[in-house]
Number of protein chains: 2
Amino acid sequence: MFVPRRFRKRQYFLQQGEVCNRGGFIVRGAMRQYSVDEKGTEHIAELMVENWWIGDLVSMFTGAPSSFYIDAWEDTDVLVASVEDFARLRSIPAFAQMAKAMIEGHTVAIHHRAHDALTLSAEQRYEKLLQAHPEFLQRFPQHFVASYLGVTPETVSRIRRLATRR
Amino acid sequence: MFVPRRFRKRQYFLQQGEVCNRGGFIVRGAMRQYSVDEKGTEHIAELMVENWWIGDLVSMFTGAPSSFYIDAWEDTDVLVASVEDFARLRSIPAFAQMAKAMIEGHTVAIHHRAHDALTLSAEQRYEKLLQAHPEFLQRFPQHFVASYLGVTPETVSRIRRLATRR
DNA sequence: CGGTCTCTTGACGGAGTTCAAAGCTAGTGG
DNA sequence: CCACTAGCTTTGAACTCCGTCAAGAGACCG
């Protein structure tokens with residue numbers, strides 16, 4: 001039920017306004033999930049690499065059009081399945097268990113993201129990301145990371161300058 | 001399996017460091033969920049009133065000690081059940097369906113909370129809260145709302161001054 | 001009454017943004 | 001193979017938003 005698909009750099013997996021009716025698993029590559037506000041500014045919600053699940057859970061759960069784009073930053077191999085097939089596969093206990101773990105892990109992660117955004121400084125968030133996902137800074141341009149942290153590229157540049165001189 | 005319990009003002013439903021092994025449904029009253037950082041500052045993660053589910057999903061999912069307190073702000077009536085009983089009740093299809101809707105609704109809400117925290121100004125977050133939950137400002141002190149929004153009480157006071165004079 | 005809690009207001013400071021300019025790097029086409 | 005361009009990063013200066021600190025005014029309650 002999972003179909004291998006290749007997404008070339010900048011190719012969309014999902015576009016804002018579409019209902020997200022499929023999910024995927026990244027085998028190789030790197031992607032990003034982002035929204036665009038009324039001023040045209042991109043806000044990166046998630047950066048994703050190998051072994052990550054992709055898709056907009058909010059759109060899947062509510063059935064509402066997604067407010068996000070998901071596209072490839074590197075050429076990326078993804079295993080894709082429809083939400084209907086996901087539902088069918090849940091009759092397999094091992095798959096149901098894995099799906100449960102995936103959703104729960106996602107929920108835990110987003111809780112931390114919300115809490116960190118509300119309580120930590122830009123520098124603290126940067127340091128935490130450096131601990132958790134140092135590879136992001138190699139694979140994505142710095143202004144993606146800045147947007148992911150909710151700050152400007154200039155701010156990340158200045159944080160790095162201070163951090164390396166210590 | 002749900003046991004009615006009365007929580008008096010300031011009484012704890014959950015304390016930081018405990019594993020959260022039960023959930024509850026607020027029948028009447030108002031509660032808050034918050035963490036305390038190393039400096040002793042409280043950070044309110046959630047404000048909850050009638051018809052809200054309470055509990056720390058992160059601790060339930062991971063089995064790790066909770067980083068939150070949950071206590072009553074008003075005298076509150078809660079229907080309480082253990083996580084084991086929740087699991088048993090899921091054999092009832094209608095209950096399983098409701099539980100699923102509850103978790104999904106929670107996931108959607110926390111996504112919006114994270115996105116708003118990273119992309120909106122203090123004033124925009126305040127206005128959004130005013131739209132979504134105007135009753136919070138009646139039932140909770142203003143500095144609770146401030147902490148929930150991730151700002152200081154002084155900032156909420158100034159936002160209100162500007163907003164009312166328009 | 002006299003505490004304690006809450007909200008407001010002002011002055012000041014700091015973290016982060018905005019705007020502009022310049023340097024750097026990698027991909028692309030002639 | 002080189003030159004050129006486009007995207008990325010850095011840096012500086014001015015500015016804005018919000019936090020901190022301090023003081024005072026109400027409101028509530030024993």
# chains A, B, ... in the order shown; residues from 1 in each chain; ligands from 1
$ interface_residues --of "chain C" --to "chain B" --cutoff "10 Å" --atoms "only C-alpha atoms (C1' of nucleotides)" --output "list in words"
DT6, DC7, DT8 and DT9 of chain C
$ calpha_fit_and_write --fixed "chain A" --moving "chain B" --output "short mmCIF file (atom, residue, chain, number, x, y, z; two decimals) with N, CA and C atoms, in the first residue's frame"
data_model
loop_
_atom_site.label_atom_id
_atom_site.label_comp_id
_atom_site.auth_asym_id
_atom_site.auth_seq_id
_atom_site.Cartn_x
_atom_site.Cartn_y
_atom_site.Cartn_z
N MET B 1 0.80 -1.21 0.00
CA MET B 1 -0.01 0.00 -0.01
C MET B 1 0.85 1.27 -0.01
N PHE B 2 2.09 1.14 0.44
CA PHE B 2 2.99 2.29 0.39
C PHE B 2 3.68 2.34 -0.96
N VAL B 3 3.52 3.46 -1.64
CA VAL B 3 4.08 3.61 -2.98
C VAL B 3 5.34 4.47 -2.92
N PRO B 4 6.48 3.96 -3.42
CA PRO B 4 7.70 4.77 -3.42
C PRO B 4 7.56 5.91 -4.43
N ARG B 5 7.91 7.12 -3.97
CA ARG B 5 7.89 8.26 -4.89
C ARG B 5 9.13 9.11 -4.71
N ARG B 6 9.60 9.64 -5.80
CA ARG B 6 10.75 10.53 -5.75
C ARG B 6 10.28 11.97 -5.88
N PHE B 7 10.64 12.81 -4.91
CA PHE B 7 10.34 14.24 -5.00
C PHE B 7 11.63 14.98 -5.30
N ARG B 8 11.63 15.72 -6.39
CA ARG B 8 12.82 16.50 -6.73
C ARG B 8 12.81 17.79 -5.90
N LYS B 9 13.98 18.37 -5.76
CA LYS B 9 14.12 19.60 -4.97
C LYS B 9 13.07 20.63 -5.39
N ARG B 10 12.40 21.19 -4.38
CA ARG B 10 11.35 22.21 -4.55
C ARG B 10 10.01 21.66 -5.05
N GLN B 11 9.94 20.34 -5.22
CA GLN B 11 8.65 19.76 -5.64
C GLN B 11 7.75 19.62 -4.42
N TYR B 12 6.45 19.87 -4.60
CA TYR B 12 5.52 19.86 -3.48
C TYR B 12 4.97 18.47 -3.18
N PHE B 13 4.93 18.14 -1.91
CA PHE B 13 4.18 16.97 -1.44
C PHE B 13 2.76 17.41 -1.09
N LEU B 14 2.64 18.65 -0.57
CA LEU B 14 1.33 19.20 -0.17
C LEU B 14 1.36 20.70 -0.41
N GLN B 15 0.21 21.25 -0.81
CA GLN B 15 0.14 22.70 -0.97
C GLN B 15 -0.96 23.28 -0.10
N GLN B 16 -0.71 24.51 0.36
CA GLN B 16 -1.68 25.25 1.15
C GLN B 16 -3.03 25.27 0.43
N GLY B 17 -4.10 24.93 1.15
CA GLY B 17 -5.43 24.95 0.55
C GLY B 17 -5.92 23.57 0.16
N GLU B 18 -4.99 22.62 -0.02
CA GLU B 18 -5.38 21.24 -0.29
C GLU B 18 -5.74 20.53 1.00
N VAL B 19 -6.67 19.59 0.93
CA VAL B 19 -6.89 18.71 2.07
C VAL B 19 -5.82 17.62 2.03
N CYS B 20 -5.17 17.39 3.17
CA CYS B 20 -4.09 16.39 3.21
C CYS B 20 -4.69 15.00 3.38
N ASN B 21 -4.71 14.24 2.30
CA ASN B 21 -5.35 12.92 2.35
C ASN B 21 -4.36 11.78 2.18
N ARG B 22 -3.11 12.05 2.51
CA ARG B 22 -2.09 10.99 2.44
C ARG B 22 -0.95 11.33 3.39
N GLY B 23 -0.20 10.32 3.76
CA GLY B 23 0.95 10.52 4.61
C GLY B 23 2.15 9.87 3.96
N GLY B 24 3.33 10.13 4.48
CA GLY B 24 4.52 9.56 3.87
C GLY B 24 5.63 9.34 4.87
N PHE B 25 6.61 8.54 4.46
CA PHE B 25 7.76 8.24 5.30
C PHE B 25 9.02 8.51 4.48
N ILE B 26 9.89 9.37 4.99
CA ILE B 26 11.08 9.75 4.23
C ILE B 26 12.15 8.67 4.35
N VAL B 27 12.53 8.09 3.20
CA VAL B 27 13.57 7.08 3.16
C VAL B 27 14.94 7.73 3.00
N ARG B 28 14.99 8.77 2.17
CA ARG B 28 16.24 9.47 1.92
C ARG B 28 15.90 10.88 1.48
N GLY B 29 16.61 11.87 2.04
CA GLY B 29 16.39 13.25 1.61
C GLY B 29 15.99 14.16 2.75
N ALA B 30 15.51 15.34 2.40
CA ALA B 30 15.16 16.34 3.41
C ALA B 30 14.03 17.21 2.88
N MET B 31 13.04 17.48 3.75
CA MET B 31 11.88 18.28 3.34
C MET B 31 11.58 19.32 4.41
N ARG B 32 10.69 20.25 4.06
CA ARG B 32 10.26 21.23 5.05
C ARG B 32 8.77 21.45 4.94
N GLN B 33 8.16 21.83 6.06
CA GLN B 33 6.73 22.12 6.12
C GLN B 33 6.60 23.57 6.58
N TYR B 34 5.86 24.39 5.82
CA TYR B 34 5.81 25.82 6.15
C TYR B 34 4.51 26.45 5.70
N SER B 35 4.16 27.53 6.35
CA SER B 35 3.00 28.32 5.95
C SER B 35 3.49 29.65 5.40
N VAL B 36 2.63 30.35 4.69
CA VAL B 36 2.95 31.67 4.16
C VAL B 36 1.86 32.63 4.64
N ASP B 37 2.27 33.69 5.34
CA ASP B 37 1.26 34.60 5.88
C ASP B 37 0.83 35.63 4.84
N GLU B 38 -0.07 36.53 5.26
CA GLU B 38 -0.66 37.48 4.30
C GLU B 38 0.38 38.45 3.72
N LYS B 39 1.51 38.59 4.44
CA LYS B 39 2.57 39.47 3.92
C LYS B 39 3.53 38.73 2.99
N GLY B 40 3.28 37.42 2.81
CA GLY B 40 4.15 36.65 1.94
C GLY B 40 5.35 36.04 2.65
N THR B 41 5.41 36.20 3.98
CA THR B 41 6.53 35.64 4.73
C THR B 41 6.31 34.15 5.00
N GLU B 42 7.38 33.37 4.79
CA GLU B 42 7.30 31.94 5.08
C GLU B 42 7.59 31.69 6.56
N HIS B 43 6.82 30.79 7.18
CA HIS B 43 7.08 30.38 8.56
C HIS B 43 7.25 28.87 8.58
N ILE B 44 8.47 28.43 8.85
CA ILE B 44 8.75 27.00 8.80
C ILE B 44 8.25 26.32 10.07
N ALA B 45 7.33 25.37 9.90
CA ALA B 45 6.75 24.66 11.03
C ALA B 45 7.58 23.44 11.39
N GLU B 46 8.19 22.81 10.38
CA GLU B 46 8.91 21.57 10.64
C GLU B 46 9.98 21.35 9.58
N LEU B 47 11.11 20.85 10.02
CA LEU B 47 12.16 20.40 9.10
C LEU B 47 12.29 18.90 9.27
N MET B 48 12.37 18.16 8.16
CA MET B 48 12.24 16.71 8.25
C MET B 48 13.29 16.01 7.39
N VAL B 49 13.89 14.97 7.94
CA VAL B 49 14.90 14.20 7.21
C VAL B 49 14.56 12.71 7.23
N GLU B 50 15.53 11.88 6.94
CA GLU B 50 15.29 10.43 6.87
C GLU B 50 14.56 9.91 8.11
N ASN B 51 13.69 8.94 7.89
CA ASN B 51 12.99 8.23 8.97
C ASN B 51 11.94 9.09 9.67
N TRP B 52 11.56 10.21 9.03
CA TRP B 52 10.48 11.03 9.57
C TRP B 52 9.20 10.79 8.79
N TRP B 53 8.10 10.84 9.52
CA TRP B 53 6.79 10.82 8.87
C TRP B 53 6.43 12.23 8.45
N ILE B 54 5.80 12.34 7.29
CA ILE B 54 5.36 13.66 6.84
C ILE B 54 3.86 13.65 6.57
N GLY B 55 3.28 14.84 6.58
CA GLY B 55 1.85 15.01 6.37
C GLY B 55 1.34 16.06 7.35
N ASP B 56 0.16 16.61 7.08
CA ASP B 56 -0.42 17.60 7.99
C ASP B 56 -1.51 16.94 8.83
N LEU B 57 -1.16 16.59 10.06
CA LEU B 57 -2.09 15.90 10.95
C LEU B 57 -3.36 16.73 11.18
N VAL B 58 -3.20 18.05 11.28
CA VAL B 58 -4.36 18.91 11.56
C VAL B 58 -5.37 18.77 10.43
N SER B 59 -4.90 18.85 9.20
CA SER B 59 -5.80 18.71 8.05
C SER B 59 -6.40 17.30 8.00
N MET B 60 -5.59 16.29 8.30
CA MET B 60 -6.10 14.90 8.29
C MET B 60 -7.20 14.73 9.33
N PHE B 61 -6.95 15.26 10.53
CA PHE B 61 -7.90 15.07 11.62
C PHE B 61 -9.20 15.83 11.37
N THR B 62 -9.07 17.07 10.92
CA THR B 62 -10.25 17.92 10.79
C THR B 62 -10.92 17.79 9.43
N GLY B 63 -10.16 17.33 8.42
CA GLY B 63 -10.69 17.29 7.07
C GLY B 63 -10.70 18.66 6.41
N ALA B 64 -10.15 19.65 7.10
CA ALA B 64 -10.12 21.02 6.56
C ALA B 64 -8.90 21.19 5.65
N PRO B 65 -8.96 22.17 4.73
CA PRO B 65 -7.80 22.44 3.87
C PRO B 65 -6.58 22.79 4.72
N SER B 66 -5.42 22.32 4.30
CA SER B 66 -4.20 22.56 5.06
C SER B 66 -3.75 24.01 4.94
N SER B 67 -3.12 24.50 5.96
CA SER B 67 -2.53 25.84 5.89
C SER B 67 -1.03 25.76 5.61
N PHE B 68 -0.57 24.57 5.24
CA PHE B 68 0.87 24.38 5.04
C PHE B 68 1.24 23.92 3.64
N TYR B 69 2.45 24.27 3.26
CA TYR B 69 3.12 23.62 2.14
C TYR B 69 4.09 22.61 2.71
N ILE B 70 4.26 21.50 2.01
CA ILE B 70 5.37 20.59 2.29
C ILE B 70 6.10 20.38 0.99
N ASP B 71 7.41 20.69 0.96
CA ASP B 71 8.16 20.43 -0.27
C ASP B 71 9.54 19.88 0.05
N ALA B 72 10.19 19.40 -0.99
CA ALA B 72 11.50 18.76 -0.83
C ALA B 72 12.59 19.81 -0.89
N TRP B 73 13.57 19.71 0.00
CA TRP B 73 14.72 20.60 -0.05
C TRP B 73 15.88 19.91 -0.77
N GLU B 74 16.04 18.60 -0.49
CA GLU B 74 16.93 17.79 -1.30
C GLU B 74 16.03 16.88 -2.14
N ASP B 75 16.60 16.25 -3.18
CA ASP B 75 15.86 15.20 -3.86
C ASP B 75 15.55 14.14 -2.82
N THR B 76 14.28 13.73 -2.73
CA THR B 76 13.85 12.92 -1.59
C THR B 76 13.02 11.72 -2.01
N ASP B 77 13.32 10.57 -1.42
CA ASP B 77 12.53 9.36 -1.65
C ASP B 77 11.55 9.17 -0.51
N VAL B 78 10.27 9.07 -0.85
CA VAL B 78 9.22 8.98 0.16
C VAL B 78 8.33 7.77 -0.13
N LEU B 79 7.95 7.06 0.94
CA LEU B 79 6.94 6.02 0.81
C LEU B 79 5.59 6.65 1.17
N VAL B 80 4.65 6.61 0.22
CA VAL B 80 3.40 7.36 0.35
C VAL B 80 2.21 6.41 0.45
N ALA B 81 1.30 6.71 1.38
CA ALA B 81 0.05 5.94 1.45
C ALA B 81 -1.11 6.89 1.76
N SER B 82 -2.28 6.55 1.24
CA SER B 82 -3.47 7.38 1.49
C SER B 82 -3.95 7.19 2.92
N VAL B 83 -4.72 8.15 3.42
CA VAL B 83 -5.26 8.00 4.77
C VAL B 83 -6.18 6.80 4.85
N GLU B 84 -6.86 6.49 3.75
CA GLU B 84 -7.72 5.30 3.75
C GLU B 84 -6.88 4.04 3.96
N ASP B 85 -5.75 3.96 3.27
CA ASP B 85 -4.89 2.80 3.43
C ASP B 85 -4.29 2.75 4.84
N PHE B 86 -3.97 3.91 5.38
CA PHE B 86 -3.50 3.94 6.77
C PHE B 86 -4.55 3.32 7.68
N ALA B 87 -5.81 3.71 7.48
CA ALA B 87 -6.90 3.18 8.31
C ALA B 87 -7.01 1.67 8.15
N ARG B 88 -6.90 1.19 6.90
CA ARG B 88 -7.00 -0.25 6.66
C ARG B 88 -5.85 -0.98 7.34
N LEU B 89 -4.67 -0.44 7.24
CA LEU B 89 -3.48 -1.11 7.79
C LEU B 89 -3.55 -1.24 9.31
N ARG B 90 -4.40 -0.41 9.91
CA ARG B 90 -4.50 -0.48 11.37
C ARG B 90 -5.14 -1.77 11.86
N SER B 91 -5.72 -2.54 10.96
CA SER B 91 -6.23 -3.85 11.37
C SER B 91 -5.08 -4.80 11.68
N ILE B 92 -3.88 -4.46 11.22
CA ILE B 92 -2.69 -5.24 11.60
C ILE B 92 -2.20 -4.68 12.94
N PRO B 93 -2.20 -5.50 13.99
CA PRO B 93 -1.86 -5.02 15.33
C PRO B 93 -0.51 -4.30 15.39
N ALA B 94 0.51 -4.87 14.76
CA ALA B 94 1.83 -4.25 14.82
C ALA B 94 1.83 -2.88 14.17
N PHE B 95 1.06 -2.75 13.08
CA PHE B 95 0.98 -1.45 12.41
C PHE B 95 0.22 -0.44 13.27
N ALA B 96 -0.88 -0.90 13.86
CA ALA B 96 -1.68 -0.03 14.73
C ALA B 96 -0.82 0.49 15.87
N GLN B 97 -0.01 -0.39 16.41
CA GLN B 97 0.88 -0.03 17.52
C GLN B 97 1.90 1.01 17.09
N MET B 98 2.44 0.81 15.88
CA MET B 98 3.42 1.76 15.37
C MET B 98 2.77 3.12 15.10
N ALA B 99 1.58 3.08 14.53
CA ALA B 99 0.87 4.32 14.22
C ALA B 99 0.58 5.09 15.51
N LYS B 100 0.20 4.36 16.53
CA LYS B 100 -0.08 4.97 17.83
C LYS B 100 1.18 5.65 18.38
N ALA B 101 2.30 4.92 18.31
CA ALA B 101 3.56 5.47 18.80
C ALA B 101 3.95 6.71 18.01
N MET B 102 3.67 6.68 16.72
CA MET B 102 4.01 7.83 15.86
C MET B 102 3.20 9.06 16.29
N ILE B 103 1.90 8.89 16.43
CA ILE B 103 1.04 10.02 16.82
C ILE B 103 1.43 10.53 18.20
N GLU B 104 1.66 9.61 19.12
CA GLU B 104 2.02 10.02 20.48
C GLU B 104 3.35 10.76 20.50
N GLY B 105 4.32 10.25 19.76
CA GLY B 105 5.61 10.92 19.68
C GLY B 105 5.47 12.32 19.11
N HIS B 106 4.62 12.44 18.12
CA HIS B 106 4.36 13.73 17.51
C HIS B 106 3.75 14.69 18.51
N THR B 107 2.78 14.19 19.28
CA THR B 107 2.10 15.02 20.28
C THR B 107 3.09 15.50 21.34
N VAL B 108 3.95 14.62 21.79
CA VAL B 108 4.97 15.00 22.77
C VAL B 108 5.88 16.09 22.20
N ALA B 109 6.31 15.90 20.95
CA ALA B 109 7.22 16.86 20.33
C ALA B 109 6.58 18.24 20.21
N ILE B 110 5.33 18.28 19.77
CA ILE B 110 4.68 19.57 19.54
C ILE B 110 4.41 20.28 20.87
N HIS B 111 4.18 19.51 21.92
CA HIS B 111 4.04 20.10 23.25
C HIS B 111 5.32 20.81 23.66
N HIS B 112 6.44 20.14 23.47
CA HIS B 112 7.71 20.77 23.82
C HIS B 112 7.97 21.99 22.97
N ARG B 113 7.58 21.91 21.70
CA ARG B 113 7.80 23.05 20.80
C ARG B 113 7.01 24.26 21.28
N ALA B 114 5.75 24.04 21.66
CA ALA B 114 4.92 25.15 22.14
C ALA B 114 5.48 25.72 23.44
N HIS B 115 5.85 24.85 24.35
CA HIS B 115 6.34 25.29 25.65
C HIS B 115 7.64 26.07 25.49
N ASP B 116 8.55 25.55 24.66
CA ASP B 116 9.82 26.23 24.42
C ASP B 116 9.60 27.60 23.78
N ALA B 117 8.71 27.67 22.81
CA ALA B 117 8.46 28.94 22.13
C ALA B 117 7.96 29.99 23.11
N LEU B 118 7.18 29.57 24.10
CA LEU B 118 6.59 30.52 25.04
C LEU B 118 7.51 30.86 26.21
N THR B 119 8.49 30.02 26.49
CA THR B 119 9.26 30.23 27.71
C THR B 119 10.75 30.48 27.49
N LEU B 120 11.30 30.12 26.32
CA LEU B 120 12.75 30.26 26.13
C LEU B 120 13.10 31.44 25.22
N SER B 121 14.30 31.96 25.39
CA SER B 121 14.81 33.03 24.51
C SER B 121 15.27 32.41 23.19
N ALA B 122 15.52 33.28 22.22
CA ALA B 122 15.99 32.82 20.92
C ALA B 122 17.27 32.00 21.07
N GLU B 123 18.18 32.48 21.91
CA GLU B 123 19.45 31.79 22.08
C GLU B 123 19.25 30.42 22.72
N GLN B 124 18.38 30.32 23.71
CA GLN B 124 18.11 29.03 24.35
C GLN B 124 17.49 28.04 23.37
N ARG B 125 16.59 28.54 22.53
CA ARG B 125 15.96 27.66 21.54
C ARG B 125 17.00 27.17 20.53
N TYR B 126 17.91 28.06 20.15
CA TYR B 126 18.97 27.67 19.22
C TYR B 126 19.86 26.59 19.83
N GLU B 127 20.26 26.79 21.06
CA GLU B 127 21.13 25.81 21.73
C GLU B 127 20.45 24.46 21.84
N LYS B 128 19.16 24.49 22.14
CA LYS B 128 18.40 23.25 22.27
C LYS B 128 18.32 22.50 20.94
N LEU B 129 18.12 23.26 19.87
CA LEU B 129 18.08 22.65 18.55
C LEU B 129 19.43 22.04 18.19
N LEU B 130 20.49 22.74 18.58
CA LEU B 130 21.85 22.28 18.32
C LEU B 130 22.09 20.94 19.02
N GLN B 131 21.56 20.79 20.23
CA GLN B 131 21.66 19.53 20.96
C GLN B 131 20.85 18.44 20.27
N ALA B 132 19.61 18.76 19.93
CA ALA B 132 18.67 17.75 19.45
C ALA B 132 18.94 17.36 18.00
N HIS B 133 19.21 18.33 17.16
CA HIS B 133 19.35 18.06 15.72
C HIS B 133 20.48 18.85 15.09
N PRO B 134 21.72 18.56 15.50
CA PRO B 134 22.85 19.32 14.93
C PRO B 134 22.92 19.19 13.41
N GLU B 135 22.41 18.09 12.87
CA GLU B 135 22.51 17.88 11.42
C GLU B 135 21.68 18.89 10.62
N PHE B 136 20.66 19.47 11.25
CA PHE B 136 19.83 20.45 10.53
C PHE B 136 20.68 21.59 9.98
N LEU B 137 21.69 21.99 10.76
CA LEU B 137 22.50 23.13 10.35
C LEU B 137 23.43 22.79 9.19
N GLN B 138 23.65 21.51 8.95
CA GLN B 138 24.44 21.10 7.80
C GLN B 138 23.57 21.02 6.56
N ARG B 139 22.34 20.54 6.76
CA ARG B 139 21.54 20.17 5.59
C ARG B 139 20.59 21.25 5.12
N PHE B 140 20.27 22.20 6.00
CA PHE B 140 19.35 23.27 5.61
C PHE B 140 20.06 24.62 5.69
N PRO B 141 19.69 25.55 4.82
CA PRO B 141 20.27 26.90 4.95
C PRO B 141 19.91 27.50 6.29
N GLN B 142 20.75 28.38 6.74
CA GLN B 142 20.61 28.94 8.08
C GLN B 142 19.29 29.70 8.26
N HIS B 143 18.80 30.30 7.18
CA HIS B 143 17.56 31.07 7.33
C HIS B 143 16.34 30.16 7.47
N PHE B 144 16.47 28.89 7.05
CA PHE B 144 15.40 27.93 7.35
C PHE B 144 15.36 27.67 8.85
N VAL B 145 16.53 27.45 9.41
CA VAL B 145 16.62 27.19 10.84
C VAL B 145 16.09 28.39 11.62
N ALA B 146 16.45 29.60 11.15
CA ALA B 146 15.97 30.83 11.80
C ALA B 146 14.44 30.84 11.83
N SER B 147 13.83 30.59 10.68
CA SER B 147 12.37 30.60 10.60
C SER B 147 11.77 29.53 11.49
N TYR B 148 12.40 28.35 11.51
CA TYR B 148 11.94 27.27 12.38
C TYR B 148 11.97 27.70 13.85
N LEU B 149 12.97 28.49 14.21
CA LEU B 149 13.10 28.96 15.60
C LEU B 149 12.22 30.18 15.88
N GLY B 150 11.64 30.74 14.82
CA GLY B 150 10.77 31.91 14.99
C GLY B 150 11.53 33.21 15.12
N VAL B 151 12.73 33.29 14.53
CA VAL B 151 13.52 34.52 14.56
C VAL B 151 14.00 34.85 13.15
N THR B 152 14.69 35.99 13.00
CA THR B 152 15.21 36.38 11.69
C THR B 152 16.57 35.74 11.45
N PRO B 153 16.99 35.64 10.18
CA PRO B 153 18.31 35.10 9.86
C PRO B 153 19.42 35.89 10.54
N GLU B 154 19.27 37.22 10.63
CA GLU B 154 20.29 38.04 11.28
C GLU B 154 20.50 37.62 12.74
N THR B 155 19.41 37.31 13.42
CA THR B 155 19.51 36.92 14.83
C THR B 155 20.29 35.62 14.98
N VAL B 156 20.02 34.64 14.11
CA VAL B 156 20.77 33.38 14.17
C VAL B 156 22.25 33.63 13.91
N SER B 157 22.54 34.48 12.95
CA SER B 157 23.93 34.81 12.65
C SER B 157 24.63 35.39 13.88
N ARG B 158 23.92 36.28 14.59
CA ARG B 158 24.53 36.90 15.77
C ARG B 158 24.66 35.92 16.94
N ILE B 159 23.70 35.06 17.10
CA ILE B 159 23.79 34.03 18.14
C ILE B 159 25.01 33.14 17.88
N ARG B 160 25.18 32.76 16.62
CA ARG B 160 26.32 31.91 16.26
C ARG B 160 27.66 32.60 16.54
N ARG B 161 27.72 33.87 16.21
CA ARG B 161 28.96 34.61 16.45
C ARG B 161 29.32 34.59 17.93
N LEU B 162 28.34 34.87 18.78
CA LEU B 162 28.58 34.87 20.22
C LEU B 162 28.93 33.47 20.71
N ALA B 163 28.23 32.46 20.21
CA ALA B 163 28.41 31.08 20.69
C ALA B 163 29.80 30.56 20.34
N THR B 164 30.28 30.82 19.13
CA THR B 164 31.56 30.27 18.69
C THR B 164 32.73 30.96 19.37
N ARG B 165 32.54 32.23 19.77
CA ARG B 165 33.67 32.91 20.40
C ARG B 165 33.79 32.57 21.87
N ARG B 166 32.94 31.66 22.36
CA ARG B 166 33.08 31.23 23.75
C ARG B 166 33.94 29.99 23.86
#
$ atom_distance --atom1 "atom C1' of C:DG23" --atom2 "atom C1' of D:DA3"
17.4 Å
$ residues_around --residues "C:DC19" --least-positions-apart "2" --cutoff "10 Å" --atoms "only C-alpha atoms (C1' of nucleotides)" --output "CSV table (one decimal) with C-alpha atoms (C1' of nucleotides), in the first residue's frame"
chain,number,residue,atom,x,y,z
C,17,DT,C1',13.7,43.3,14.2
C,21,DA,C1',25.2,47.2,2.3
D,13,DA,C1',22.9,51.3,12.9
D,14,DA,C1',18.5,52.7,14.2
$ closest_atom_pairs --of "chain D" --to "chain B" --cutoff "12 Å" --atoms "only C-alpha atoms (C1' of nucleotides)" --output "Markdown table"
| residue | atom | partner | partner_atom | distance |
| --- | --- | --- | --- | --- |
| D:DT16 | C1' | B:Ser121 | CA | 11.9 |
| D:DC17 | C1' | B:Ser121 | CA | 8.9 |
| D:DC18 | C1' | B:Thr155 | CA | 7.1 |
| D:DG19 | C1' | B:Thr152 | CA | 7.3 |
| D:DT20 | C1' | B:Thr152 | CA | 9.9 |
| D:DC21 | C1' | B:Glu154 | CA | 11.6 |
$ select_by_dssp --residues "stretch 20-106 of chain A" --states "helix (DSSP H, G or I)" --output "count of residues only"
27
$ select_by_dssp --residues "chain B" --states "strand (DSSP E or B)" --output "PyMOL selection string"
chain B and resi 3-7+12-14+22-28+31-36+42-48+53-54+69-72+76-82
